[in-house]
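Everything below belongs to my_file.tsv, which stores TSV, C-alpha atoms.
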```tsv
chain	number	residue	atom	x	y	z
A	1	MET	CA	-1.14	-3.55	24.52
A	2	PRO	CA	0.78	-6.79	23.77
A	3	LYS	CA	4.50	-6.51	24.52
A	4	LYS	CA	5.43	-7.59	21.00
A	5	VAL	CA	3.59	-4.58	19.55
A	6	LEU	CA	5.34	-2.23	21.96
A	7	TRP	CA	8.76	-3.61	21.02
A	8	LEU	CA	8.03	-3.31	17.32
A	9	ILE	CA	6.94	0.30	17.72
A	10	ILE	CA	10.17	1.06	19.60
A	11	ILE	CA	12.33	-0.71	16.99
A	12	PHE	CA	10.70	1.06	14.04
A	13	THR	CA	10.88	4.43	15.77
A	14	ILE	CA	14.62	3.89	16.31
A	15	LEU	CA	15.02	2.88	12.65
A	16	PHE	CA	13.21	6.04	11.57
A	17	ILE	CA	15.45	8.19	13.80
A	18	ILE	CA	18.56	6.48	12.39
A	19	GLY	CA	17.30	7.24	8.88
A	20	VAL	CA	16.71	10.89	9.68
A	21	ASN	CA	20.15	11.27	11.24
A	22	THR	CA	22.05	9.60	8.41
A	23	GLY	CA	20.78	12.08	5.85
A	24	GLU	CA	18.01	9.98	4.30
A	25	LEU	CA	15.54	12.85	4.60
A	26	GLY	CA	17.62	14.92	2.19
A	27	TYR	CA	17.93	11.96	-0.16
A	28	LEU	CA	14.13	11.56	-0.19
A	29	MET	CA	13.65	15.23	-0.99
A	30	ASN	CA	16.06	15.04	-3.89
A	31	LEU	CA	14.56	11.91	-5.41
A	32	GLY	CA	12.80	14.11	-7.95
A	33	ASN	CA	16.15	14.82	-9.57
A	34	THR	CA	16.70	11.14	-10.30
A	35	ILE	CA	13.19	9.92	-11.13
B	1	MET	CA	-19.05	2.66	8.14
B	2	THR	CA	-18.91	2.17	4.35
B	3	ARG	CA	-19.74	5.84	3.77
B	4	LEU	CA	-17.12	6.96	6.27
B	5	ARG	CA	-14.52	4.79	4.56
B	6	SER	CA	-15.45	6.15	1.12
B	7	LEU	CA	-15.18	9.68	2.49
B	8	ILE	CA	-11.74	9.04	3.99
B	9	GLN	CA	-10.55	7.34	0.81
B	10	THR	CA	-11.73	10.31	-1.27
B	11	LEU	CA	-10.17	12.87	1.07
B	12	MET	CA	-6.85	10.99	1.15
B	13	ALA	CA	-6.72	10.53	-2.62
B	14	LEU	CA	-7.51	14.18	-3.32
B	15	GLY	CA	-5.71	15.67	-0.32
B	16	THR	CA	-2.39	13.96	-1.04
B	17	ASN	CA	-2.62	14.85	-4.73
B	18	ALA	CA	-3.60	18.45	-4.19
B	19	TYR	CA	-0.74	20.23	-5.96
B	20	LEU	CA	-2.61	22.17	-8.59
B	21	LEU	CA	0.16	24.47	-9.81
B	22	PHE	CA	1.67	21.89	-12.16
B	23	PRO	CA	0.27	23.45	-15.35
B	24	PHE	CA	1.95	26.77	-14.49
B	25	GLY	CA	5.42	26.68	-12.87
B	26	GLY	CA	8.56	25.43	-14.59
B	27	ALA	CA	8.67	22.07	-12.81
B	28	VAL	CA	5.78	19.78	-13.62
B	29	ILE	CA	5.81	17.78	-10.40
B	30	TYR	CA	5.86	19.13	-6.87
B	31	GLN	CA	9.32	18.95	-5.31
B	32	GLY	CA	8.81	20.86	-2.08
B	33	PRO	CA	9.54	19.80	1.51
B	34	LEU	CA	6.46	17.58	1.80
B	35	LYS	CA	8.13	15.15	-0.61
B	36	ALA	CA	10.33	14.12	2.31
B	37	VAL	CA	7.25	12.36	3.70
B	38	CYS	CA	6.06	9.08	2.23
B	39	HIS	CA	2.42	8.37	1.47
B	40	PRO	CA	1.16	5.48	3.62
B	41	GLY	CA	-0.43	3.94	0.50
B	42	LEU	CA	0.64	3.41	-3.10
B	43	ASN	CA	0.67	6.81	-4.79
B	44	CYS	CA	3.13	7.71	-7.52
B	45	TYR	CA	5.84	10.26	-6.71
B	46	SER	CA	5.63	11.51	-10.29
B	47	CYS	CA	1.90	12.21	-10.28
B	48	PRO	CA	1.73	15.93	-11.13
B	49	GLY	CA	-0.51	16.52	-8.14
B	50	ALA	CA	1.38	14.33	-5.64
B	51	LEU	CA	2.50	16.10	-2.49
B	52	LEU	CA	4.12	13.04	-0.91
B	53	SER	CA	6.67	10.42	-1.97
B	54	CYS	CA	5.76	6.87	-2.86
B	55	PRO	CA	7.08	4.54	-0.14
B	56	VAL	CA	7.73	1.68	-2.57
B	57	GLY	CA	9.55	3.91	-5.04
B	58	ALA	CA	11.55	5.57	-2.26
B	59	PHE	CA	12.61	2.26	-0.72
B	60	GLN	CA	13.67	0.88	-4.11
B	61	ASN	CA	15.78	3.97	-4.71
B	62	PHE	CA	17.50	3.46	-1.37
B	63	MET	CA	18.16	-0.18	-2.27
B	64	ALA	CA	19.35	0.84	-5.73
B	65	SER	CA	21.92	3.23	-4.28
B	66	LEU	CA	23.13	0.85	-1.56
B	67	ARG	CA	26.18	-0.26	-3.57
B	68	PHE	CA	26.80	3.16	-5.03
B	69	SER	CA	29.53	4.50	-2.82
B	70	THR	CA	29.45	8.19	-2.00
B	71	GLY	CA	32.03	7.87	0.75
B	72	GLY	CA	29.51	8.71	3.45
B	73	PHE	CA	27.30	6.53	5.66
B	74	PRO	CA	25.39	4.06	3.43
B	75	LEU	CA	21.73	4.99	3.02
B	76	THR	CA	19.78	1.85	3.84
B	77	GLY	CA	16.21	3.13	3.61
B	78	ALA	CA	15.88	2.96	7.40
B	79	ILE	CA	13.66	6.03	7.34
B	80	VAL	CA	11.13	4.36	5.00
B	81	LEU	CA	11.37	1.01	6.78
B	82	GLY	CA	10.84	2.67	10.16
B	83	TYR	CA	7.92	4.71	8.85
B	84	LEU	CA	6.18	1.80	7.13
B	85	GLY	CA	6.95	-0.58	10.00
B	86	PHE	CA	5.42	1.88	12.45
B	87	ILE	CA	2.25	2.16	10.36
B	88	GLY	CA	2.14	-1.62	9.86
B	89	THR	CA	2.49	-2.24	13.60
B	90	ALA	CA	-0.17	0.32	14.42
B	91	VAL	CA	-2.88	-0.47	11.87
B	92	GLY	CA	-1.63	-3.30	9.63
B	93	ARG	CA	-3.40	-3.52	6.28
B	94	MET	CA	-6.08	-1.07	7.37
B	95	THR	CA	-4.00	1.39	5.33
B	96	CYS	CA	-4.89	-0.57	2.17
B	97	GLY	CA	-8.58	-0.44	2.95
B	98	TRP	CA	-8.87	3.14	4.09
B	99	VAL	CA	-6.15	5.43	2.68
B	100	CYS	CA	-4.47	3.87	-0.36
B	101	PRO	CA	-5.41	5.86	-3.51
B	102	PHE	CA	-4.80	2.92	-5.83
B	103	GLY	CA	-6.95	0.70	-3.62
B	104	PHE	CA	-9.66	3.35	-3.88
B	105	ILE	CA	-9.38	3.36	-7.69
B	106	GLN	CA	-9.84	-0.42	-7.66
B	107	ASP	CA	-12.87	-0.13	-5.37
B	108	LEU	CA	-14.40	2.33	-7.84
B	109	ILE	CA	-13.78	0.39	-11.03
B	110	HIS	CA	-14.98	-2.84	-9.45
B	111	LYS	CA	-18.43	-1.21	-9.33
B	112	ILE	CA	-18.61	-1.43	-13.14
B	113	PRO	CA	-21.42	-3.92	-13.76
B	114	THR	CA	-19.78	-7.06	-15.19
B	115	PRO	CA	-19.67	-10.70	-14.09
B	116	LYS	CA	-17.42	-10.98	-11.02
B	117	PHE	CA	-15.02	-13.81	-10.27
B	118	PRO	CA	-13.27	-15.15	-7.17
B	119	LEU	CA	-9.48	-15.16	-6.98
B	120	TRP	CA	-7.52	-18.40	-7.20
B	121	LYS	CA	-6.08	-18.31	-3.68
B	122	PRO	CA	-2.47	-19.45	-4.36
B	123	LEU	CA	-2.00	-16.25	-6.39
B	124	ARG	CA	-2.01	-14.34	-3.10
B	125	TRP	CA	1.59	-15.44	-2.53
B	126	VAL	CA	2.83	-13.65	-5.65
B	127	LYS	CA	2.92	-10.28	-3.89
B	128	TYR	CA	5.52	-11.52	-1.38
B	129	ALA	CA	7.75	-12.57	-4.27
B	130	VAL	CA	7.25	-9.14	-5.87
B	131	LEU	CA	8.25	-7.48	-2.59
B	132	GLY	CA	11.32	-9.65	-2.07
B	133	LEU	CA	12.56	-9.73	-5.64
B	134	MET	CA	11.56	-6.51	-7.36
B	135	VAL	CA	11.60	-4.11	-4.42
B	136	VAL	CA	14.52	-5.47	-2.37
B	137	ALA	CA	16.74	-7.93	-4.26
B	138	MET	CA	16.82	-6.72	-7.87
B	139	PRO	CA	17.63	-3.06	-7.11
B	140	VAL	CA	20.59	-4.25	-5.02
B	141	LEU	CA	21.82	-7.05	-7.29
B	142	PHE	CA	21.44	-5.62	-10.79
B	143	VAL	CA	23.64	-2.55	-10.81
B	144	ASP	CA	25.47	-0.70	-13.56
B	145	GLY	CA	29.21	-0.04	-13.73
B	146	SER	CA	29.06	2.71	-11.12
B	147	GLY	CA	27.19	0.48	-8.67
B	148	LEU	CA	23.81	2.12	-9.17
B	149	GLY	CA	20.72	-0.09	-9.45
B	150	HIS	CA	17.22	0.60	-10.71
B	151	PRO	CA	13.74	0.68	-9.15
B	152	TRP	CA	12.56	-2.42	-11.03
B	153	PHE	CA	9.01	-2.51	-9.67
B	154	CYS	CA	8.48	1.09	-10.84
B	155	LYS	CA	10.11	0.34	-14.18
B	156	LEU	CA	8.36	-2.90	-15.03
B	157	VAL	CA	5.10	-3.16	-13.13
B	158	CYS	CA	3.73	-0.29	-11.06
B	159	PRO	CA	0.27	0.50	-12.45
B	160	ALA	CA	-0.08	3.52	-10.15
B	161	GLY	CA	3.00	5.00	-11.81
B	162	THR	CA	1.55	4.57	-15.30
B	163	LEU	CA	-1.92	5.81	-14.40
B	164	GLU	CA	-1.09	8.63	-12.02
B	165	GLY	CA	2.39	9.59	-13.24
B	166	ALA	CA	3.17	8.69	-16.84
B	167	PHE	CA	-0.19	9.46	-18.51
B	168	PRO	CA	-0.73	12.89	-16.90
B	169	LEU	CA	2.91	13.87	-17.51
B	170	LEU	CA	2.71	12.90	-21.18
B	171	LEU	CA	-0.48	14.90	-21.44
B	172	LEU	CA	1.06	17.97	-19.81
B	173	LYS	CA	4.44	17.73	-21.50
B	174	PRO	CA	3.99	16.30	-25.01
B	175	GLY	CA	7.75	16.57	-25.51
B	176	LEU	CA	8.12	13.58	-23.20
B	177	TRP	CA	6.70	11.31	-25.92
B	178	ASP	CA	10.22	11.37	-27.45
B	179	THR	CA	11.54	9.50	-24.40
B	180	VAL	CA	8.84	6.82	-24.48
B	181	GLY	CA	10.20	3.34	-25.14
B	182	LEU	CA	9.62	-0.36	-24.58
B	183	PHE	CA	9.39	-0.01	-20.78
B	184	PHE	CA	6.46	2.39	-21.16
B	185	TRP	CA	4.45	0.17	-23.51
B	186	ASN	CA	5.16	-2.84	-21.28
B	187	LYS	CA	3.73	-0.89	-18.34
B	188	VAL	CA	0.70	0.19	-20.34
B	189	ALA	CA	-0.01	-3.50	-21.08
B	190	VAL	CA	0.45	-4.35	-17.38
B	191	LEU	CA	-1.85	-1.50	-16.37
B	192	ILE	CA	-4.59	-2.69	-18.75
B	193	LEU	CA	-4.30	-6.24	-17.38
B	194	ILE	CA	-4.49	-4.99	-13.79
B	195	LEU	CA	-7.45	-2.68	-14.45
B	196	VAL	CA	-9.37	-5.44	-16.22
B	197	GLY	CA	-8.41	-7.77	-13.36
B	198	ALA	CA	-9.71	-5.24	-10.81
B	199	ILE	CA	-13.02	-4.88	-12.66
B	200	LEU	CA	-13.56	-8.64	-12.63
B	201	ILE	CA	-11.90	-9.58	-9.33
B	202	SER	CA	-12.26	-7.42	-6.25
B	203	ARG	CA	-8.98	-5.72	-5.20
B	204	PHE	CA	-7.07	-7.79	-7.74
B	205	PHE	CA	-3.83	-5.77	-7.54
B	206	CYS	CA	-3.86	-5.55	-3.73
B	207	ARG	CA	-4.35	-9.29	-3.36
B	208	VAL	CA	-1.93	-10.51	-6.02
B	209	ILE	CA	0.80	-7.99	-6.80
B	210	CYS	CA	1.05	-5.06	-4.38
B	211	PRO	CA	4.42	-5.15	-2.54
B	212	LEU	CA	3.22	-2.53	-0.07
B	213	GLY	CA	0.23	-4.68	0.82
B	214	ALA	CA	2.62	-7.63	1.21
B	215	PHE	CA	4.76	-5.60	3.61
B	216	TYR	CA	1.79	-4.49	5.71
B	217	ALA	CA	0.45	-8.07	5.65
B	218	LEU	CA	3.54	-9.15	7.60
B	219	PHE	CA	2.08	-7.21	10.54
B	220	SER	CA	-1.50	-8.49	10.27
B	221	ARG	CA	-1.10	-10.87	13.19
B	222	MET	CA	0.61	-8.41	15.51
B	223	SER	CA	-0.82	-4.99	14.69
B	224	LEU	CA	-2.26	-2.82	17.42
B	225	VAL	CA	-5.76	-3.14	15.99
B	226	GLN	CA	-7.54	-6.28	14.92
B	227	LEU	CA	-10.79	-7.69	13.65
B	228	GLU	CA	-12.25	-9.63	16.53
B	229	TYR	CA	-14.31	-12.77	16.00
B	230	VAL	CA	-16.81	-13.68	18.73
B	231	ALA	CA	-17.50	-17.36	18.07
B	232	GLY	CA	-20.43	-17.47	20.48
B	233	ASN	CA	-22.39	-14.98	18.39
B	234	CYS	CA	-21.70	-16.51	14.98
B	235	VAL	CA	-24.56	-18.38	13.28
B	236	GLU	CA	-22.47	-19.08	10.15
B	237	CYS	CA	-24.90	-17.24	7.85
B	238	GLY	CA	-22.01	-16.32	5.53
B	239	ALA	CA	-22.93	-12.62	5.26
B	240	CYS	CA	-19.37	-11.60	6.16
B	241	VAL	CA	-17.89	-13.81	3.44
B	242	ARG	CA	-20.22	-12.41	0.78
B	243	HIS	CA	-19.26	-8.83	1.64
B	244	CYS	CA	-15.47	-9.30	2.00
B	245	PRO	CA	-13.59	-7.64	-0.89
B	246	THR	CA	-10.50	-9.78	-0.35
B	247	GLY	CA	-12.18	-13.17	-0.09
B	248	VAL	CA	-11.46	-13.77	3.60
B	249	VAL	CA	-13.62	-16.21	5.59
B	250	PRO	CA	-13.58	-14.37	8.94
B	251	ASN	CA	-14.84	-17.28	11.05
B	252	GLN	CA	-12.10	-19.57	9.70
B	253	GLU	CA	-9.16	-17.25	9.02
B	254	PHE	CA	-8.40	-15.28	12.18
B	255	ASP	CA	-6.08	-12.32	11.66
B	256	SER	CA	-5.90	-13.10	7.96
B	257	ARG	CA	-3.04	-11.42	6.11
B	258	GLU	CA	-5.52	-10.67	3.33
B	259	CYS	CA	-7.87	-8.67	5.57
B	260	ILE	CA	-7.68	-4.95	4.74
B	261	MET	CA	-9.97	-4.09	7.68
B	262	CYS	CA	-12.49	-2.29	5.50
B	263	LEU	CA	-15.05	-3.42	8.11
B	264	LYS	CA	-17.67	-4.35	5.52
B	265	CYS	CA	-18.04	-7.67	7.34
B	266	VAL	CA	-18.68	-5.87	10.64
B	267	ASP	CA	-21.46	-3.89	8.98
B	268	ALA	CA	-22.85	-7.02	7.33
B	269	CYS	CA	-22.99	-9.10	10.51
B	270	HIS	CA	-26.29	-8.64	12.33
B	271	PHE	CA	-25.23	-10.96	15.14
B	272	ARG	CA	-22.23	-8.93	16.30
B	273	ALA	CA	-19.92	-11.88	15.74
B	274	LEU	CA	-17.32	-9.51	14.33
B	275	ASP	CA	-15.97	-6.42	15.97
B	276	PHE	CA	-13.06	-4.08	15.45
B	277	GLY	CA	-10.83	-2.95	18.29
B	278	MET	CA	-7.46	-2.93	19.99
B	279	ARG	CA	-5.57	-6.22	20.07
B	280	ARG	CA	-5.80	-8.04	23.39
B	281	PRO	CA	-2.79	-9.61	25.08
B	282	PRO	CA	-2.56	-13.39	24.41
B	283	GLY	CA	-4.90	-15.46	26.55
B	284	LYS	CA	-7.41	-12.70	27.12
B	285	PRO	CA	-10.76	-13.79	25.63
B	286	ALA	CA	-12.85	-11.69	23.28
B	287	ARG	CA	-15.86	-9.86	24.63
B	288	VAL	CA	-19.16	-11.62	24.00
B	289	LYS	CA	-21.73	-9.05	23.00
B	290	ARG	CA	-25.47	-9.38	22.84
B	291	ALA	CA	-26.56	-9.97	19.27
B	292	THR	CA	-28.96	-7.58	17.62
B	293	SER	CA	-31.93	-8.97	15.76
B	294	PRO	CA	-31.43	-9.22	12.01
B	295	LEU	CA	-35.15	-8.70	11.49
```
Target format structure tokens, applied to this file:
Amino acid sequence: MPKKVLWLIIIFTILFIIGVNTGELGYLMNLGNTI
Amino acid sequence: MTRLRSLIQTLMALGTNAYLLFPFGGAVIYQGPLKAVCHPGLNCYSCPGALLSCPVGAFQNFMASLRFSTGGFPLTGAIVLGYLGFIGTAVGRMTCGWVCPFGFIQDLIHKIPTPKFPLWKPLRWVKYAVLGLMVVAMPVLFVDGSGLGHPWFCKLVCPAGTLEGAFPLLLLKPGLWDTVGLFFWNKVAVLILILVGAILISRFFCRVICPLGAFYALFSRMSLVQLEYVAGNCVECGACVRHCPTGVVPNQEFDSRECIMCLKCVDACHFRALDFGMRRPPGKPARVKRATSPL
């Protein structure tokens, strides 16, 4: 696996974890109230 | 391979729009825990059957609320960006070719027997402008007095929203006709243009307008999987070009951002000049395989 791919996967996984831990999951679930 | 792809496209389109209780309960659209997950393709959040969120709609809503202060940590859409970036890095635009419901709709309506036309190639750049302007910039820049923006792509363009969301909702809840205004009729006109475009030009929306396709295209040259071209096997018969739904010339455009990895070209090539597999580290040559006889 090229190193660039590995780094990108790590970066996007970290971004996802940041999103989960800053409450974005709850925001996503409540989108139905605004759409 | 074509049958397998059609099967997966059908299963994804039906499976992710499998909420069948909408005619009964109080709420018309599903709002359960699965809505915390985004669909990897373009599929409207407001489709009465949709079990998952639309990634483009969700990201726009994050951007739209960026300047709306709630006192807490600003919500930047990192969860959607991380999710889509992960998918893009893993499979690139293969998502468009294999799992996107709106891509599947376009594949189906393109089978309608009419004269077919090629796409004027510079139009392919429009989708990057749509991504940058309508999905990222406009929701952040154009805000109301409270600092809240709008999902402009959903409001002005998204044909999946009109077809999968607005029409079924208006059918199920006729009272909603009272809320219909200029934005709706604008989107109906856009939808008609896009559907006619998709009948005449293969994957018209994916190639010209789709911001999700534009995002995944950014990863086409670095995704984990790739379409491999074995120059030694190619006899330049042009079979791959004739079968490509996005107008790619595989022996000239390596790792094209337009390639949705539908693998029609791999099926069409009798000389095994095209193959699909994991990306090799730079400098490592492609495998040369023995060609099979086309006869």
| request: Enter the distance from atom CA of B:Leu4 to atom CA of B:Ala198, in Å, rounded to one decimal. | output: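 If I compute the distance from atom CA of B:Leu4 to atom CA of B:Ala198, I get 22.3 Å.
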| said: Set the cut-off to 7 Å and count only C-alpha atoms: what are the residues of chain A that reach chain B? Output as a PyMOL selection string. | reply: chain A and resi 1-2+5+8-9+12-13+15-16+18-20+22+24-25+28-29+32
| message | Restricting the calculation to all atoms listed in the file: of B:Cys234, B:Cys44, B:Ala217, B:Leu200, which residue gets closest to B:Thr162? | response |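 Looking only at the distances to B:Thr162, the closest residue turns out to be B:Cys44.
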| message | Using Å and a single decimal, report how far atom CA of B:Ile199 sits from atom CA of B:Leu182. | response | 26.0 Å
| note | Between atom CA of B:Ala268 and atom CA of B:Trp98 lies a distance of 17.6 Å
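Counting only C-alpha atoms and comparing B:Lys173, B:Lys111, B:His270, B:Lys155, the residue that lies closest to B:Asn233 is B:His270.
You can rank B:Gln252, B:Asn186, B:Ser220, B:Thr16 by their closest distance to B:Gly49 using only C-alpha atoms, and at the top of that list sits B:Thr16.
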| Counting all atoms listed in the file, what is within 10 Å of B:Trp125, bar same-chain residues fewer than 3 positions away, as a PyMOL selection string? | chain B and resi 121-122+128-130+207-209+214
Just-selected residues, C-alpha atoms written as a PDB file, in the coordinates of the input:
```
ATOM      1  CA  LYS B 121      -6.080 -18.310  -3.680  1.00  0.00           C
ATOM      2  CA  PRO B 122      -2.470 -19.450  -4.360  1.00  0.00           C
ATOM      3  CA  TYR B 128       5.520 -11.520  -1.380  1.00  0.00           C
ATOM      4  CA  ALA B 129       7.750 -12.570  -4.270  1.00  0.00           C
ATOM      5  CA  VAL B 130       7.250  -9.140  -5.870  1.00  0.00           C
ATOM      6  CA  ARG B 207      -4.350  -9.290  -3.360  1.00  0.00           C
ATOM      7  CA  VAL B 208      -1.930 -10.510  -6.020  1.00  0.00           C
ATOM      8  CA  ILE B 209       0.800  -7.990  -6.800  1.00  0.00           C
ATOM      9  CA  ALA B 214       2.620  -7.630   1.210  1.00  0.00           C
TER      10      ALA B 214
END
```
Please give the centre and size of the box around stretch 105-113 of chain B (axis-aligned, containing every atom listed in the file, 3 Å added per side), with values in Å to one decimal and written as lines of an AutoDock Vina configuration file.
```
center_x = -15.4
center_y = -0.3
center_z = -9.6
size_x = 18.0
size_y = 13.3
size_z = 14.4
```
| What's the 10 Å shell around B:Val248, counting all atoms listed in the file, without same-chain residues fewer than 5 positions away, as a list in words? | Cys240, Val241, Arg242, His243, Glu253, Phe254, Asp255, Ser256, Arg257, Glu258, Cys259, Ile260 and Cys265 of chain B
| query | When distances are computed from all atoms listed in the file, which of B:Pro48, B:Gly197, B:Pro118, B:Gly247 shows the smallest separation from B:Lys264? | reply | B:Gly247
Using the incomplete input, complete stretch 14-31 of chain A to the level of N, CA and C atoms; output as a PDB file, keeping the file's coordinate frame.
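See rebuild05.pdb below for the written result:
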```
ATOM      1  N   ILE A  14      13.151   3.745  16.317  1.00  0.00           N
ATOM      2  CA  ILE A  14      14.620   3.890  16.310  1.00  0.00           C
ATOM      3  C   ILE A  14      15.141   3.873  14.863  1.00  0.00           C
ATOM      4  N   LEU A  15      14.599   2.943  14.062  1.00  0.00           N
ATOM      5  CA  LEU A  15      15.020   2.880  12.650  1.00  0.00           C
ATOM      6  C   LEU A  15      14.759   4.213  11.937  1.00  0.00           C
ATOM      7  N   PHE A  16      13.588   4.769  12.184  1.00  0.00           N
ATOM      8  CA  PHE A  16      13.210   6.040  11.570  1.00  0.00           C
ATOM      9  C   PHE A  16      14.200   7.138  11.991  1.00  0.00           C
ATOM     10  N   ILE A  17      14.519   7.162  13.287  1.00  0.00           N
ATOM     11  CA  ILE A  17      15.450   8.190  13.800  1.00  0.00           C
ATOM     12  C   ILE A  17      16.835   8.004  13.172  1.00  0.00           C
ATOM     13  N   ILE A  18      17.265   6.739  13.032  1.00  0.00           N
ATOM     14  CA  ILE A  18      18.560   6.480  12.390  1.00  0.00           C
ATOM     15  C   ILE A  18      18.531   7.026  10.958  1.00  0.00           C
ATOM     16  N   GLY A  19      17.439   6.754  10.255  1.00  0.00           N
ATOM     17  CA  GLY A  19      17.300   7.240   8.880  1.00  0.00           C
ATOM     18  C   GLY A  19      17.399   8.748   8.789  1.00  0.00           C
ATOM     19  N   VAL A  20      16.701   9.411   9.684  1.00  0.00           N
ATOM     20  CA  VAL A  20      16.710  10.890   9.680  1.00  0.00           C
ATOM     21  C   VAL A  20      18.122  11.409   9.919  1.00  0.00           C
ATOM     22  N   ASN A  21      18.825  10.772  10.855  1.00  0.00           N
ATOM     23  CA  ASN A  21      20.150  11.270  11.240  1.00  0.00           C
ATOM     24  C   ASN A  21      21.284  10.859  10.311  1.00  0.00           C
ATOM     25  N   THR A  22      20.998   9.960   9.365  1.00  0.00           N
ATOM     26  CA  THR A  22      22.050   9.600   8.410  1.00  0.00           C
ATOM     27  C   THR A  22      21.832  10.298   7.061  1.00  0.00           C
ATOM     28  N   GLY A  23      20.939  11.258   7.051  1.00  0.00           N
ATOM     29  CA  GLY A  23      20.780  12.080   5.850  1.00  0.00           C
ATOM     30  C   GLY A  23      19.771  11.539   4.843  1.00  0.00           C
ATOM     31  N   GLU A  24      18.960  10.567   5.263  1.00  0.00           N
ATOM     32  CA  GLU A  24      18.010   9.980   4.300  1.00  0.00           C
ATOM     33  C   GLU A  24      16.867  10.927   3.960  1.00  0.00           C
ATOM     34  N   LEU A  25      16.611  11.872   4.854  1.00  0.00           N
ATOM     35  CA  LEU A  25      15.540  12.850   4.600  1.00  0.00           C
ATOM     36  C   LEU A  25      15.893  13.693   3.373  1.00  0.00           C
ATOM     37  N   GLY A  26      17.149  14.124   3.323  1.00  0.00           N
ATOM     38  CA  GLY A  26      17.620  14.920   2.190  1.00  0.00           C
ATOM     39  C   GLY A  26      17.589  14.121   0.901  1.00  0.00           C
ATOM     40  N   TYR A  27      17.943  12.832   1.012  1.00  0.00           N
ATOM     41  CA  TYR A  27      17.930  11.960  -0.160  1.00  0.00           C
ATOM     42  C   TYR A  27      16.506  11.839  -0.713  1.00  0.00           C
ATOM     43  N   LEU A  28      15.545  11.671   0.214  1.00  0.00           N
ATOM     44  CA  LEU A  28      14.130  11.560  -0.190  1.00  0.00           C
ATOM     45  C   LEU A  28      13.678  12.815  -0.911  1.00  0.00           C
ATOM     46  N   MET A  29      14.089  13.966  -0.389  1.00  0.00           N
ATOM     47  CA  MET A  29      13.650  15.230  -0.990  1.00  0.00           C
ATOM     48  C   MET A  29      14.245  15.453  -2.365  1.00  0.00           C
ATOM     49  N   ASN A  30      15.410  14.847  -2.590  1.00  0.00           N
ATOM     50  CA  ASN A  30      16.060  15.040  -3.890  1.00  0.00           C
ATOM     51  C   ASN A  30      15.764  13.928  -4.880  1.00  0.00           C
ATOM     52  N   LEU A  31      14.874  13.010  -4.498  1.00  0.00           N
ATOM     53  CA  LEU A  31      14.560  11.910  -5.410  1.00  0.00           C
ATOM     54  C   LEU A  31      14.046  12.416  -6.748  1.00  0.00           C
TER      55      LEU A  31
END
```
